[in-house]
There are 2 protein chains.
Amino acid sequence: MPVDGEPTTPIRSPAGLAALLGVRIPIVQAPMTYIAGAQLAAAVSNAGALGVIETTSTQGREDLKRVRDLTDAPVAANIALAARNDPSTVDVLADAGIRTVITSAGDPRVMTGRLRDAGMTVFHVVGSLRNALKAADAGVDGVIVEGVEGGGFKNPQAASTLVLLPLVASRVDLPIIAAGGICDGPSMAAALVLGAQGVQMGTRMLTSAESPIHDNLKNAVVGADETATVMLSVRGLPTMRVLRTPTAERALAAGRSDVGLDGIPTLYFTGDLAASMANTGQVAGRIGRVEAVADIIGQTWAGARAALDDARARLDA
Amino acid sequence: MPVDGEPTTPIRSPAGLAALLGVRIPIVQAPMTYIAGAQLAAAVSNAGALGVIETTSTQGREDLKRVRDLTDAPVAANIALAARNDPSTVDVLADAGIRTVITSAGDPRVMTGRLRDAGMTVFHVVGSLRNALKAADAGVDGVIVEGVEGGGFKNPQAASTLVLLPLVASRVDLPIIAAGGICDGPSMAAALVLGAQGVQMGTRMLTSAESPIHDNLKNAVVGADETATVMLSVRGLPTMRVLRTPTAERALAAGRSDVGLDGIPTLYFTGDLAASMANTGQVAGRIGRVEAVADIIGQTWAGARAALDDARARLDA
């Protein structure tokens with residue numbers, strides 16, 4: 001994090017972003033609630049990318065310490081601002097040695113100043129140009145720009161990554177991590193072309209070998225096609241993109257859901273897909289098998305370079 | 001078009017696609033009903049890209065001949081298969097000197113064979129992997145892969161270009177034109193990285209100086225942000241992505257529309273935005289001004305190369 005008032009060169013390269021995050025590879029694992037714990041985050045950080053611990057669940061908060069037994073590499077933490085805006089959170093993160101914080105789902109003005117005063121680098125998740133400009137005004141170090149094709153909470157009128165990312169890049173002079181629709185080298189390369197310096201992957205990490213969820217859900221995502229997600233609102237919560245299970249289809253048709261989100265841990269960890277809704281991005285349709293995190297990270301990073309080289313060569317062919 | 005049975009080298013380069021289409025620049029103008037007439041198509045073809053005449057409206061069909069007064073360059077025609085699957089259509093197109101046909105909105109098996117037998121190159125518009133595989137089976141020369149962020153008729157559960165395009169490219173060994181979310185150099189570069197050899201632009205062309213629509217609509221699109229479209233179904237027709245006008249918002253809230261699509265010509269040509277729905281893609285949020293077609297084409301083509309070079313250079317920085 002630059003010292004306040006010190007003139008800095010804007011970060012435009014993937015290497016610059018990686019340095020800011022303290023990692024070798026500018027790929028970030030998405031802070032999926034219940035899933036983004038010590039096991040997954042350590043696997044990502046040990047592979048040279050940035051693992052992230054979610055602090056929304058009790059287990060996640062405990063994993064801030066537990067992850068230190070699993071990796072010496074930097075690990076980031078997520079704060080869902082609507083749920084956890086207590087100033088003491090800063091101390092909890094500082095005690096756990098967290099240097100990078102991803103804030104989401106709330107007003108970036110609430111915590112950005114405190115986190116940066118504690119020496120942390122802050123990236124805020126945005127789904128619109130308007131929220132990206134607000135985050136920049138709040139003094140964040142960078143933004144995670146998430147297109148509507150991603151899993152989880154989404155504004156149903158939000159734009160896709162192909163539209164939103166270059167729009168934000170043209171208006172916000174901060175490092176950008178692209179999210180939504182990214183699962184491999186070509187999609188990472190597209191994000192770099194559109195103005196990002198790095199990418200975040202959620203659904204792909206959810207299906208990794210080290211992801212703690214039940215094989216039923218991993219297999220459902222791996223077996224899904226690209227039309228296998230739906231946007232729906234469960235019991236007054238904001239709209240979410242979820243896997244189109246029979247439960248989700250019923251909720252969509254009825255305009256109301258039989259199940260709430262309190263069944264999510266049951267769904268994730270017992271594999272009962274009817275217990276709740278499973279946050280999943282459209283890239284489910286592009287994921288063909290469960291793979292080790294290190295392989296996913298390595299192939300994505302090498303593949304991004306290869307995809308750029310290939311596109312450039314074809315343009316001259 | 002290759003002779004049947006003759007072994008051919010798959011087209012992988014933008015130059016190869018351009019040669020197949022008979023143009024210099026592998027950019028295609030979308031066949032927007034009422035808008036894709038002689039004036040717009042001639043401007044696109046005169047700029048070195050591929051103008052397309054829609055044949056759904058009477059005016060469009062008349063423009064197949066009229067466009068010959070405006071350009072000597074190749075111009076393509078669109079057939080919306082659900083509306084125009086009469087075998088005599090092939091003769092009409094042949095008489096007009098059409099060599100490339102874009103089929104859409106229907107079963108590609110209906111016309112592909114007849115069109116190819118008449119020596120025409122056939123591209124079919126698809127919005128899913130399933131339909132891309134069907135089109136390949138029907139013997140098309142290539143596919144136009146359209147992500148859900150594009151304007152007009154869309155399956156509401158379809159995937160974005162960032163997800164759908166690389167999925168189709170990995171499974172269909174045919175030339176691919178990307179559509180949906182493309183409006184400039186960086187977005188074209190992203191499409192090339194994701195496996196397309198060229199791109200189609202609709203909303204951007206709709207706002208061009210040579211587009212025949214009323215300034216009220218051009219200005220509404222130019223003034224829109226990236227969340228300014230909605231998906232809605234009008235009177236039993238398939239779901240469409242349209243500009244979020246007060247009329248569209250009312251229809252979305254009520255679950256039914258006050259107006260049908262028969263008011264579209266009134267909307268387009270008198271500028272009464274309440275007369276119907278205006279098909280518009282999410283890229284409305286990225287279009288900042290009305291520009292000449294030749295400038296749009298030139299900047300997009302040069303900009304795609306520049307965006308690839310820039311991304312590659314930043315990766316090594």
# chains A, B, ... in the order shown; residues from 1 in each chain; ligands from 1
call {"tool": "select_by_dssp", "arguments": {"residues": "stretch 9-253 of chain A", "states": "strand (DSSP E)", "output": "JSON, numbers by chain"}}
result
{"A": [27, 28, 29, 51, 52, 53, 54, 75, 76, 77, 78, 79, 80, 100, 101, 102, 103, 104, 121, 122, 123, 124, 125, 126, 142, 143, 144, 145, 146, 152, 153, 176, 177, 178, 179, 198, 199, 200, 201, 229, 230, 231, 232, 233, 239, 240, 241, 242, 243]}
call {"tool": "write_last_selection", "arguments": {"atoms": "C-alpha atoms", "output": "compact mmCIF listing (two decimals), in the first residue's frame"}}
result
# COMPACT_ATOMS: atom_id res chain seq x y z
CA ILE A 27 -5.30 -14.69 -9.59
CA VAL A 28 -7.61 -14.40 -6.60
CA GLN A 29 -9.94 -17.03 -5.19
CA GLY A 51 -6.34 -17.41 -1.28
CA VAL A 52 -9.13 -15.59 0.51
CA ILE A 53 -10.84 -16.45 3.80
CA GLU A 54 -14.47 -15.41 4.17
CA VAL A 75 -3.80 -14.99 2.46
CA ALA A 76 -6.48 -12.31 2.16
CA ALA A 77 -9.73 -11.91 4.05
CA ASN A 78 -13.17 -10.87 2.90
CA ILE A 79 -15.54 -8.64 4.83
CA ALA A 80 -19.17 -8.63 3.71
CA THR A 100 -5.13 -7.63 1.87
CA VAL A 101 -8.86 -7.25 2.48
CA ILE A 102 -11.64 -7.71 -0.04
CA THR A 103 -14.73 -5.79 1.02
CA SER A 104 -18.09 -6.51 -0.56
CA THR A 121 -4.62 -3.05 1.03
CA VAL A 122 -8.34 -2.83 0.27
CA PHE A 123 -10.14 -4.09 -2.84
CA HIS A 124 -13.90 -3.55 -3.05
CA VAL A 125 -16.24 -5.72 -5.13
CA VAL A 126 -18.42 -3.74 -7.56
CA GLY A 142 -8.44 -1.35 -6.24
CA VAL A 143 -11.73 -2.82 -7.36
CA ILE A 144 -12.97 -6.29 -8.18
CA VAL A 145 -15.30 -5.78 -11.14
CA GLU A 146 -17.85 -8.55 -11.23
CA GLY A 152 -24.15 -15.30 -5.98
CA PHE A 153 -25.80 -11.96 -5.24
CA ILE A 176 -8.76 -3.97 -11.44
CA ILE A 177 -9.42 -7.63 -10.77
CA ALA A 178 -12.04 -9.08 -13.13
CA ALA A 179 -14.65 -11.53 -11.85
CA GLY A 198 -5.78 -9.91 -12.67
CA VAL A 199 -8.80 -12.15 -12.22
CA GLN A 200 -10.90 -13.75 -9.52
CA MET A 201 -12.38 -17.23 -9.89
CA THR A 229 -28.01 -21.06 -13.76
CA VAL A 230 -30.96 -18.82 -12.93
CA MET A 231 -31.35 -15.48 -11.20
CA LEU A 232 -33.83 -15.54 -8.36
CA SER A 233 -34.67 -13.74 -5.18
CA THR A 239 -31.33 -11.54 -6.37
CA MET A 240 -28.78 -14.36 -6.61
CA ARG A 241 -27.45 -16.43 -9.50
CA VAL A 242 -27.81 -20.07 -8.48
CA LEU A 243 -27.61 -23.51 -10.03
call {"tool": "residues_around", "arguments": {"residues": "stretch 234-236 of chain A", "least_positions_apart": "3", "cutoff": "10 Å", "atoms": "only C-alpha atoms", "output": "PDB file with N, CA, C and O atoms, in the first residue's frame"}}
result
ATOM      1  N   MET A 231     -31.373 -16.581 -12.159  1.00  0.00           N
ATOM      2  CA  MET A 231     -31.345 -15.484 -11.201  1.00  0.00           C
ATOM      3  C   MET A 231     -32.651 -15.530 -10.443  1.00  0.00           C
ATOM      4  O   MET A 231     -33.725 -15.486 -11.054  1.00  0.00           O
ATOM      5  N   THR A 239     -31.351 -10.496  -5.350  1.00  0.00           N
ATOM      6  CA  THR A 239     -31.328 -11.542  -6.371  1.00  0.00           C
ATOM      7  C   THR A 239     -29.971 -12.248  -6.387  1.00  0.00           C
ATOM      8  O   THR A 239     -28.934 -11.614  -6.251  1.00  0.00           O
ATOM      9  N   MET A 240     -30.012 -13.564  -6.545  1.00  0.00           N
ATOM     10  CA  MET A 240     -28.785 -14.365  -6.613  1.00  0.00           C
ATOM     11  C   MET A 240     -28.775 -15.180  -7.896  1.00  0.00           C
ATOM     12  O   MET A 240     -29.824 -15.609  -8.366  1.00  0.00           O
ATOM     13  N   ALA A 248     -34.596 -24.778  -7.353  1.00  0.00           N
ATOM     14  CA  ALA A 248     -34.500 -23.422  -7.903  1.00  0.00           C
ATOM     15  C   ALA A 248     -35.553 -23.215  -8.994  1.00  0.00           C
ATOM     16  O   ALA A 248     -36.169 -22.149  -9.075  1.00  0.00           O
ATOM     17  N   ALA A 251     -38.843 -22.562  -7.370  1.00  0.00           N
ATOM     18  CA  ALA A 251     -38.889 -21.212  -6.796  1.00  0.00           C
ATOM     19  C   ALA A 251     -39.085 -20.167  -7.889  1.00  0.00           C
ATOM     20  O   ALA A 251     -39.839 -19.205  -7.729  1.00  0.00           O
ATOM     21  N   LEU A 252     -38.425 -20.372  -9.016  1.00  0.00           N
ATOM     22  CA  LEU A 252     -38.531 -19.424 -10.125  1.00  0.00           C
ATOM     23  C   LEU A 252     -39.958 -19.413 -10.670  1.00  0.00           C
ATOM     24  O   LEU A 252     -40.539 -18.352 -10.922  1.00  0.00           O
ATOM     25  N   GLY A 255     -42.377 -17.952  -7.966  1.00  0.00           N
ATOM     26  CA  GLY A 255     -42.121 -16.599  -7.491  1.00  0.00           C
ATOM     27  C   GLY A 255     -41.809 -16.559  -6.005  1.00  0.00           C
ATOM     28  O   GLY A 255     -41.707 -15.495  -5.408  1.00  0.00           O
ATOM     29  N   ARG A 256     -41.679 -17.722  -5.376  1.00  0.00           N
ATOM     30  CA  ARG A 256     -41.272 -17.788  -3.972  1.00  0.00           C
ATOM     31  C   ARG A 256     -40.566 -19.120  -3.736  1.00  0.00           C
ATOM     32  O   ARG A 256     -40.781 -20.084  -4.464  1.00  0.00           O
ATOM     33  N   SER A 257     -39.726 -19.138  -2.712  1.00  0.00           N
ATOM     34  CA  SER A 257     -38.888 -20.314  -2.486  1.00  0.00           C
ATOM     35  C   SER A 257     -39.376 -21.145  -1.304  1.00  0.00           C
ATOM     36  O   SER A 257     -39.774 -20.602  -0.275  1.00  0.00           O
ATOM     37  N   ASP A 258     -39.346 -22.477  -1.465  1.00  0.00           N
ATOM     38  CA  ASP A 258     -39.656 -23.400  -0.362  1.00  0.00           C
ATOM     39  C   ASP A 258     -38.573 -23.352   0.705  1.00  0.00           C
ATOM     40  O   ASP A 258     -38.810 -23.688   1.858  1.00  0.00           O
ATOM     41  N   VAL A 259     -37.371 -23.023   0.292  1.00  0.00           N
ATOM     42  CA  VAL A 259     -36.225 -23.127   1.201  1.00  0.00           C
ATOM     43  C   VAL A 259     -35.539 -21.779   1.330  1.00  0.00           C
ATOM     44  O   VAL A 259     -35.576 -20.956   0.422  1.00  0.00           O
ATOM     45  N   GLY A 260     -34.921 -21.550   2.473  1.00  0.00           N
ATOM     46  CA  GLY A 260     -34.160 -20.329   2.691  1.00  0.00           C
ATOM     47  C   GLY A 260     -32.682 -20.596   2.508  1.00  0.00           C
ATOM     48  O   GLY A 260     -32.279 -21.678   2.075  1.00  0.00           O
ATOM     49  N   LEU A 261     -31.880 -19.591   2.863  1.00  0.00           N
ATOM     50  CA  LEU A 261     -30.437 -19.751   2.705  1.00  0.00           C
ATOM     51  C   LEU A 261     -29.801 -20.422   3.917  1.00  0.00           C
ATOM     52  O   LEU A 261     -28.628 -20.795   3.873  1.00  0.00           O
ATOM     53  N   SER A 276     -31.235 -26.085  -0.195  1.00  0.00           N
ATOM     54  CA  SER A 276     -31.169 -24.630  -0.337  1.00  0.00           C
ATOM     55  C   SER A 276     -30.819 -24.298  -1.787  1.00  0.00           C
ATOM     56  O   SER A 276     -31.117 -25.088  -2.686  1.00  0.00           O
ATOM     57  N   MET A 277     -30.213 -23.135  -1.990  1.00  0.00           N
ATOM     58  CA  MET A 277     -29.774 -22.718  -3.315  1.00  0.00           C
ATOM     59  C   MET A 277     -28.244 -22.768  -3.359  1.00  0.00           C
ATOM     60  O   MET A 277     -27.581 -22.435  -2.381  1.00  0.00           O
TER      61      MET A 277
END
call {"tool": "interface_residues", "arguments": {"of": "chain B", "to": "chain A", "cutoff": "7 Å", "atoms": "only C-alpha atoms", "output": "ChimeraX atom specification"}}
result
/B:12-15,149,157-160,162-163,167,181,186-187,189-190,192-194,226-227,229-230,282-283,286,307-308,311-312,314-315,317
call {"tool": "residues_around", "arguments": {"residues": "B:Leu81", "least_positions_apart": "5", "cutoff": "8 Å", "atoms": "only C-alpha atoms", "output": "number ranges by chain"}}
result
B: 103-108, 110-111
call {"tool": "write_last_selection", "arguments": {"atoms": "N, CA, C and O atoms", "output": "compact mmCIF listing (two decimals), in the first residue's frame"}}
result
# COMPACT_ATOMS: atom_id res chain seq x y z
N THR B 103 -28.54 -16.56 -41.39
CA THR B 103 -29.85 -17.07 -40.99
C THR B 103 -29.97 -16.97 -39.48
O THR B 103 -28.98 -17.07 -38.75
N SER B 104 -31.20 -16.78 -39.01
CA SER B 104 -31.41 -16.61 -37.57
C SER B 104 -32.83 -17.01 -37.23
O SER B 104 -33.65 -17.24 -38.12
N ALA B 105 -33.09 -17.11 -35.92
CA ALA B 105 -34.46 -17.27 -35.41
C ALA B 105 -35.21 -18.42 -36.07
O ALA B 105 -36.32 -18.25 -36.57
N GLY B 106 -34.60 -19.59 -36.06
CA GLY B 106 -35.30 -20.74 -36.62
C GLY B 106 -34.36 -21.91 -36.79
O GLY B 106 -33.20 -21.87 -36.36
N ASP B 107 -34.86 -22.95 -37.44
CA ASP B 107 -34.12 -24.20 -37.60
C ASP B 107 -33.17 -24.07 -38.79
O ASP B 107 -33.62 -23.88 -39.93
N PRO B 108 -31.86 -24.20 -38.56
CA PRO B 108 -30.92 -24.01 -39.67
C PRO B 108 -31.05 -25.06 -40.77
O PRO B 108 -30.57 -24.85 -41.88
N VAL B 110 -33.64 -25.81 -42.32
CA VAL B 110 -34.68 -25.43 -43.29
C VAL B 110 -34.10 -24.88 -44.59
O VAL B 110 -34.57 -25.20 -45.67
N MET B 111 -33.08 -24.04 -44.47
CA MET B 111 -32.61 -23.32 -45.67
C MET B 111 -31.14 -23.54 -46.01
O MET B 111 -30.71 -23.19 -47.11
call {"tool": "residues_around", "arguments": {"residues": "A:Val44", "least_positions_apart": "6", "cutoff": "12 Å", "atoms": "only C-alpha atoms", "output": "count of residues only"}}
result
41
call {"tool": "atom_distance", "arguments": {"atom1": "atom CA of A:Thr89", "atom2": "atom CA of A:Asp141"}}
result
18.8 Å
call {"tool": "closest_residue", "arguments": {"among": "A:Asn216, A:Thr207, A:Thr9, A:Thr247", "to": "A:Arg289", "atoms": "only C-alpha atoms"}}
result
A:Thr207
call {"tool": "closest_residue", "arguments": {"among": "A:Ala47, A:Ile213, A:Leu20, A:Val290", "to": "A:Pro265", "atoms": "only C-alpha atoms"}}
result
A:Ile213
call {"tool": "atom_distance", "arguments": {"atom1": "atom CA of A:Thr56", "atom2": "atom CA of A:Thr300"}}
result
28.1 Å
call {"tool": "select_by_dssp", "arguments": {"residues": "stretch 107-311 of chain A", "states": "helix (DSSP H, G or I)", "output": "PyMOL selection string"}}
result
chain A and resi 112-117+129-137+161-171+185-193+203-206+215-223+246-254+261-270+282-286+293-311
call {"tool": "closest_residue", "arguments": {"among": "A:Ser88, A:Ser57, A:Ala19, A:Gly119", "to": "A:Ile35", "atoms": "only C-alpha atoms"}}
result
A:Ser57
call {"tool": "atom_distance", "arguments": {"atom1": "atom CA of A:Leu64", "atom2": "atom CA of A:Ala96"}}
result
6.0 Å
call {"tool": "closest_residue", "arguments": {"among": "B:Ala41, B:Lys65, B:Leu21, B:Thr203", "to": "B:Arg99", "atoms": "only C-alpha atoms"}}
result
B:Leu21
call {"tool": "decode", "arguments": {"residues": "stretch 237-254 of chain B", "atoms": "N, CA, C and O atoms", "output": "PDB file, in the first residue's frame"}}
result
ATOM      1  N   LEU B 237     -44.442 -13.207 -27.229  1.00  0.00           N
ATOM      2  CA  LEU B 237     -43.241 -13.373 -28.047  1.00  0.00           C
ATOM      3  C   LEU B 237     -42.079 -13.799 -27.155  1.00  0.00           C
ATOM      4  O   LEU B 237     -42.132 -13.642 -25.940  1.00  0.00           O
ATOM      5  N   PRO B 238     -41.034 -14.353 -27.760  1.00  0.00           N
ATOM      6  CA  PRO B 238     -39.869 -14.713 -26.938  1.00  0.00           C
ATOM      7  C   PRO B 238     -39.323 -13.482 -26.209  1.00  0.00           C
ATOM      8  O   PRO B 238     -39.550 -12.349 -26.625  1.00  0.00           O
ATOM      9  N   THR B 239     -38.584 -13.739 -25.138  1.00  0.00           N
ATOM     10  CA  THR B 239     -37.999 -12.660 -24.346  1.00  0.00           C
ATOM     11  C   THR B 239     -37.037 -11.828 -25.197  1.00  0.00           C
ATOM     12  O   THR B 239     -36.292 -12.363 -26.007  1.00  0.00           O
ATOM     13  N   MET B 240     -37.088 -10.515 -25.005  1.00  0.00           N
ATOM     14  CA  MET B 240     -36.205  -9.606 -25.732  1.00  0.00           C
ATOM     15  C   MET B 240     -35.431  -8.746 -24.735  1.00  0.00           C
ATOM     16  O   MET B 240     -35.951  -8.405 -23.681  1.00  0.00           O
ATOM     17  N   ARG B 241     -34.211  -8.349 -25.125  1.00  0.00           N
ATOM     18  CA  ARG B 241     -33.503  -7.324 -24.352  1.00  0.00           C
ATOM     19  C   ARG B 241     -33.792  -5.978 -25.001  1.00  0.00           C
ATOM     20  O   ARG B 241     -33.517  -5.784 -26.185  1.00  0.00           O
ATOM     21  N   VAL B 242     -34.388  -5.071 -24.220  1.00  0.00           N
ATOM     22  CA  VAL B 242     -34.798  -3.763 -24.747  1.00  0.00           C
ATOM     23  C   VAL B 242     -34.310  -2.646 -23.827  1.00  0.00           C
ATOM     24  O   VAL B 242     -33.947  -2.882 -22.669  1.00  0.00           O
ATOM     25  N   LEU B 243     -34.328  -1.449 -24.368  1.00  0.00           N
ATOM     26  CA  LEU B 243     -33.971  -0.273 -23.582  1.00  0.00           C
ATOM     27  C   LEU B 243     -34.994  -0.087 -22.460  1.00  0.00           C
ATOM     28  O   LEU B 243     -36.197  -0.246 -22.672  1.00  0.00           O
ATOM     29  N   ARG B 244     -34.510   0.247 -21.261  1.00  0.00           N
ATOM     30  CA  ARG B 244     -35.388   0.399 -20.100  1.00  0.00           C
ATOM     31  C   ARG B 244     -36.064   1.771 -20.128  1.00  0.00           C
ATOM     32  O   ARG B 244     -35.754   2.648 -19.327  1.00  0.00           O
ATOM     33  N   THR B 245     -36.988   1.942 -21.071  1.00  0.00           N
ATOM     34  CA  THR B 245     -37.798   3.159 -21.137  1.00  0.00           C
ATOM     35  C   THR B 245     -38.897   3.063 -20.079  1.00  0.00           C
ATOM     36  O   THR B 245     -39.138   1.989 -19.526  1.00  0.00           O
ATOM     37  N   PRO B 246     -39.600   4.166 -19.794  1.00  0.00           N
ATOM     38  CA  PRO B 246     -40.754   4.064 -18.885  1.00  0.00           C
ATOM     39  C   PRO B 246     -41.751   3.000 -19.353  1.00  0.00           C
ATOM     40  O   PRO B 246     -42.313   2.269 -18.527  1.00  0.00           O
ATOM     41  N   THR B 247     -41.959   2.885 -20.656  1.00  0.00           N
ATOM     42  CA  THR B 247     -42.875   1.865 -21.192  1.00  0.00           C
ATOM     43  C   THR B 247     -42.380   0.459 -20.839  1.00  0.00           C
ATOM     44  O   THR B 247     -43.161  -0.406 -20.423  1.00  0.00           O
ATOM     45  N   ALA B 248     -41.084   0.229 -20.992  1.00  0.00           N
ATOM     46  CA  ALA B 248     -40.524  -1.091 -20.684  1.00  0.00           C
ATOM     47  C   ALA B 248     -40.578  -1.360 -19.184  1.00  0.00           C
ATOM     48  O   ALA B 248     -40.881  -2.479 -18.752  1.00  0.00           O
ATOM     49  N   GLU B 249     -40.307  -0.345 -18.380  1.00  0.00           N
ATOM     50  CA  GLU B 249     -40.364  -0.529 -16.920  1.00  0.00           C
ATOM     51  C   GLU B 249     -41.774  -0.894 -16.481  1.00  0.00           C
ATOM     52  O   GLU B 249     -41.964  -1.747 -15.613  1.00  0.00           O
ATOM     53  N   ARG B 250     -42.763  -0.225 -17.083  1.00  0.00           N
ATOM     54  CA  ARG B 250     -44.155  -0.535 -16.743  1.00  0.00           C
ATOM     55  C   ARG B 250     -44.485  -1.975 -17.109  1.00  0.00           C
ATOM     56  O   ARG B 250     -45.121  -2.695 -16.340  1.00  0.00           O
ATOM     57  N   ALA B 251     -44.043  -2.391 -18.286  1.00  0.00           N
ATOM     58  CA  ALA B 251     -44.324  -3.760 -18.738  1.00  0.00           C
ATOM     59  C   ALA B 251     -43.655  -4.777 -17.815  1.00  0.00           C
ATOM     60  O   ALA B 251     -44.233  -5.810 -17.477  1.00  0.00           O
ATOM     61  N   LEU B 252     -42.447  -4.465 -17.389  1.00  0.00           N
ATOM     62  CA  LEU B 252     -41.708  -5.377 -16.511  1.00  0.00           C
ATOM     63  C   LEU B 252     -42.422  -5.506 -15.167  1.00  0.00           C
ATOM     64  O   LEU B 252     -42.588  -6.608 -14.631  1.00  0.00           O
ATOM     65  N   ALA B 253     -42.865  -4.373 -14.630  1.00  0.00           N
ATOM     66  CA  ALA B 253     -43.527  -4.389 -13.323  1.00  0.00           C
ATOM     67  C   ALA B 253     -44.885  -5.084 -13.398  1.00  0.00           C
ATOM     68  O   ALA B 253     -45.273  -5.821 -12.489  1.00  0.00           O
ATOM     69  N   ALA B 254     -45.600  -4.864 -14.507  1.00  0.00           N
ATOM     70  CA  ALA B 254     -46.964  -5.394 -14.622  1.00  0.00           C
ATOM     71  C   ALA B 254     -46.973  -6.840 -15.118  1.00  0.00           C
ATOM     72  O   ALA B 254     -47.987  -7.525 -15.003  1.00  0.00           O
TER      73      ALA B 254
END
